[in-house]
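Enquirer: Can you keep this structure in mind? I'll have questions shortly.
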Number of protein chains: 2
Amino acid sequence: MAEKLDLPVHRARAFLEPGPILLVTSCHDGERNVMTMGWHMVLEFTPSLVGCMISAGNYSFELIRRSRECVLNLPTLDMLDTVVAIGNNSGRDRDKFADFGLDTKAADKVGSPLLTACYANFECRLADDRMVEDYNLFLFEIVKAYVAPRPKHPRTLHYTGDGVFVVAGETVSRRSDFRPALLGNGR
Amino acid sequence: MAEKLDLPVHRARAFLEPGPILLVTSCHDGERNVMTMGWHMVLEFTPSLVGCMISAGNYSFELIRRSRECVLNLPTLDMLDTVVAIGNNSGRDRDKFADFGLDTKAADKVGSPLLTACYANFECRLADDRMVEDYNLFLFEIVKAYVAPRPKHPRTLHYTGDGVFVVAGETVSRRSDFRPALLGNGR
């Protein structure tokens, strides 16, 4: 993969709003993990806020709750088997980075590792924890973002349940039909 | 379109987790509206919870905040021009149902109308409003759901910003690689 470019954090929506499966990396007190996540949403451009539901049953939950940070990594179709392996194994039982051959790189602003094979990486700090206890809902601020220079629109994976993913396909533009005030903030 | 089927509400994730653009209908005190929404997430199977960011600047915001309900309608690629028209016009200025020829049907459990041309409809009641003031984030419970019998996986629209949508494409199954406990809750 070509070297990633810095992405202004308010443009993270271009890759998160479509709703792809993400790989969440975390690290706390010498322990690290990676998990799959499909329940997330964009909440604001500036600050760049994203809501993430991370079930308390996951090994990653305490790592993230205690470290108050994580990295959201965006995988594509070529990583499907890795995504499924990560989602079907627990960090309680094994080192998923070693067992699944995941190359990592140090992040700039957080302690969790970046997954180099992913199309994009979003370094996150916990911005609001008031919904964690009732809903396992973390509100993160994206503090640094990286994206591959191409393709412009990646073939991301979108989970429908029951082991089935739908893949991001063709793109269609209706830019000329938009009010100018609603444009911008894309890739 | 063939008549829709009732969908068990815990299976709404099959259609919402992939992250499609939704059309949100609302009604309060004789006023009704429809808006586009791309910032939403699944939060729980049972009760069937979904988080929705509805900006306070939208005409729909007060209708939904006061009525404490809405319907999430799932459009597909054939409705692209209607989706763009709805997203680029305000209910303050016009009756979007009349102007864009939107057929509606009464909902079962809420006062907001169902959009009949959409692939699926999810009737929602406000379950938690504590994040509305700070983040415009509504937590809804889906109380009734309907879905078209086919196709099994609809060609939904996923917004990337700047007037560009990515369309849900091929599906890939890795069901045989999943732990049985993680299966189910799909279409």
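Chain labels A, B, ... are given in the sequence in which chains occur in the structure tokens; within each chain residues are numbered consecutively from 1, and ligands are likewise numbered from 1 in the order shown.
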Considering only C-alpha atoms, extract the chain B residues located within 8 Å of chain A and return them as a ChimeraX atom specification.

Expert: /B:13-15,17-20,38-43,53,84-85,88,135,137,158-179,182-187

Enquirer: Save out the residues we just selected, C-alpha atoms, as a short mmCIF file (atom, residue, chain, number, x, y, z; two decimals), in the first residue's frame.

Expert:
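Writing done, so here's again.cif:
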data_model
loop_
_atom_site.label_atom_id
_atom_site.label_comp_id
_atom_site.auth_asym_id
_atom_site.auth_seq_id
_atom_site.Cartn_x
_atom_site.Cartn_y
_atom_site.Cartn_z
CA ARG B 13 -29.65 -4.35 12.67
CA ALA B 14 -29.52 -6.31 9.41
CA PHE B 15 -30.53 -3.12 7.60
CA GLU B 17 -25.79 -1.61 10.84
CA PRO B 18 -24.51 -1.33 7.24
CA GLY B 19 -24.92 2.44 7.60
CA PRO B 20 -27.40 3.56 4.91
CA GLY B 38 -26.74 9.53 7.74
CA TRP B 39 -25.52 9.78 11.33
CA HIS B 40 -27.06 6.85 13.20
CA MET B 41 -26.02 3.61 14.91
CA VAL B 42 -27.46 0.43 16.35
CA LEU B 43 -27.09 0.27 20.14
CA MET B 53 -28.06 12.57 15.41
CA VAL B 84 -31.26 14.33 -2.76
CA ALA B 85 -34.35 16.54 -3.14
CA ASN B 88 -31.61 19.82 -0.05
CA TYR B 135 -25.09 16.34 21.04
CA LEU B 137 -28.33 12.62 19.87
CA HIS B 158 -24.25 5.41 1.88
CA TYR B 159 -23.20 9.04 2.04
CA THR B 160 -19.55 10.09 1.86
CA GLY B 161 -20.04 13.88 1.84
CA ASP B 162 -19.69 16.37 -0.99
CA GLY B 163 -22.71 15.05 -2.90
CA VAL B 164 -21.27 11.56 -3.41
CA PHE B 165 -22.92 8.29 -2.36
CA VAL B 166 -21.51 4.78 -2.39
CA VAL B 167 -24.03 2.06 -3.21
CA ALA B 168 -24.23 -1.26 -1.37
CA GLY B 169 -22.84 -3.82 -3.82
CA GLU B 170 -22.09 -7.53 -3.72
CA THR B 171 -22.60 -9.61 -0.59
CA VAL B 172 -20.03 -12.04 0.77
CA SER B 173 -20.77 -14.70 3.38
CA ARG B 174 -18.26 -16.07 5.86
CA ARG B 175 -20.96 -17.81 7.90
CA SER B 176 -19.02 -21.06 8.09
CA ASP B 177 -16.12 -19.25 9.78
CA PHE B 178 -18.27 -17.74 12.54
CA ARG B 179 -18.70 -19.04 16.05
CA LEU B 182 -22.22 -14.90 16.97
CA LEU B 183 -24.69 -15.96 14.27
CA GLY B 184 -28.36 -15.04 13.97
CA ASN B 185 -29.90 -11.58 14.08
CA GLY B 186 -29.50 -11.15 10.33
CA ARG B 187 -32.14 -10.85 7.65
#

Enquirer: Find the distance between CA of Thr46 (chain A) and CA of Phe140 (chain A) and write it in Å to one decimal.

Expert: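 Atom-to-atom, CA of Thr46 (chain A) to CA of Phe140 (chain A), that is 12.2 Å.
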
Enquirer: Looking at B:Pro151, B:Leu126, B:Val24, B:Val143, which one is nearest to Phe45 (chain B), with distances taken over only C-alpha atoms?

Expert: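 Answer, going by the shortest atom-to-atom distance: B:Val143.
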
Enquirer: Give me, please, the distance in Å between CA of Glu141 (chain B) and CA of Thr36 (chain A), quoted to one decimal.

Expert: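 So the two atoms, CA of Glu141 (chain B) and CA of Thr36 (chain A), lie 24.3 Å apart.
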
Enquirer: Return the single residue from A:Thr76, A:Ser26, A:Ala56, A:Thr82 that is closest to Glu133 (chain A), with distances computed using only C-alpha atoms.

Expert: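 Of the candidates, the smallest distance to Glu133 (chain A) is held by A:Ala56.
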
Enquirer: Near Arg150 (chain B), counting only C-alpha atoms, which residues have an atom at most 10 Å away, once you skip same-chain residues fewer than 3 positions from it, shown as a count of residues only?

Expert: 8

Enquirer: Write down as a ChimeraX atom specification the residues of region 10-181 of chain B whose backbone DSSP state falls under strand (DSSP E or B).

Expert: /B:22-28,31-37,40-44,49-53,69-74,76,104-105,114-115,120-128,137-147,156-159,164-173

Enquirer: Could you give me, as a list in words, the residues within 9 Å of region 94-104 of chain A, counting only C-alpha atoms and dropping anything in the same chain fewer than 3 positions from it?

Expert: Arg32, Asn33, Val34, Thr82, Ala85, Ile86, Asn89, Ser90, Gly91, Pro113, Leu114, Leu115, Thr116 and Ala117 of chain A

Enquirer: In Å, how far is it from CA of Met37 (chain A) to CA of Asp134 (chain A)?

Expert: 18.4 Å
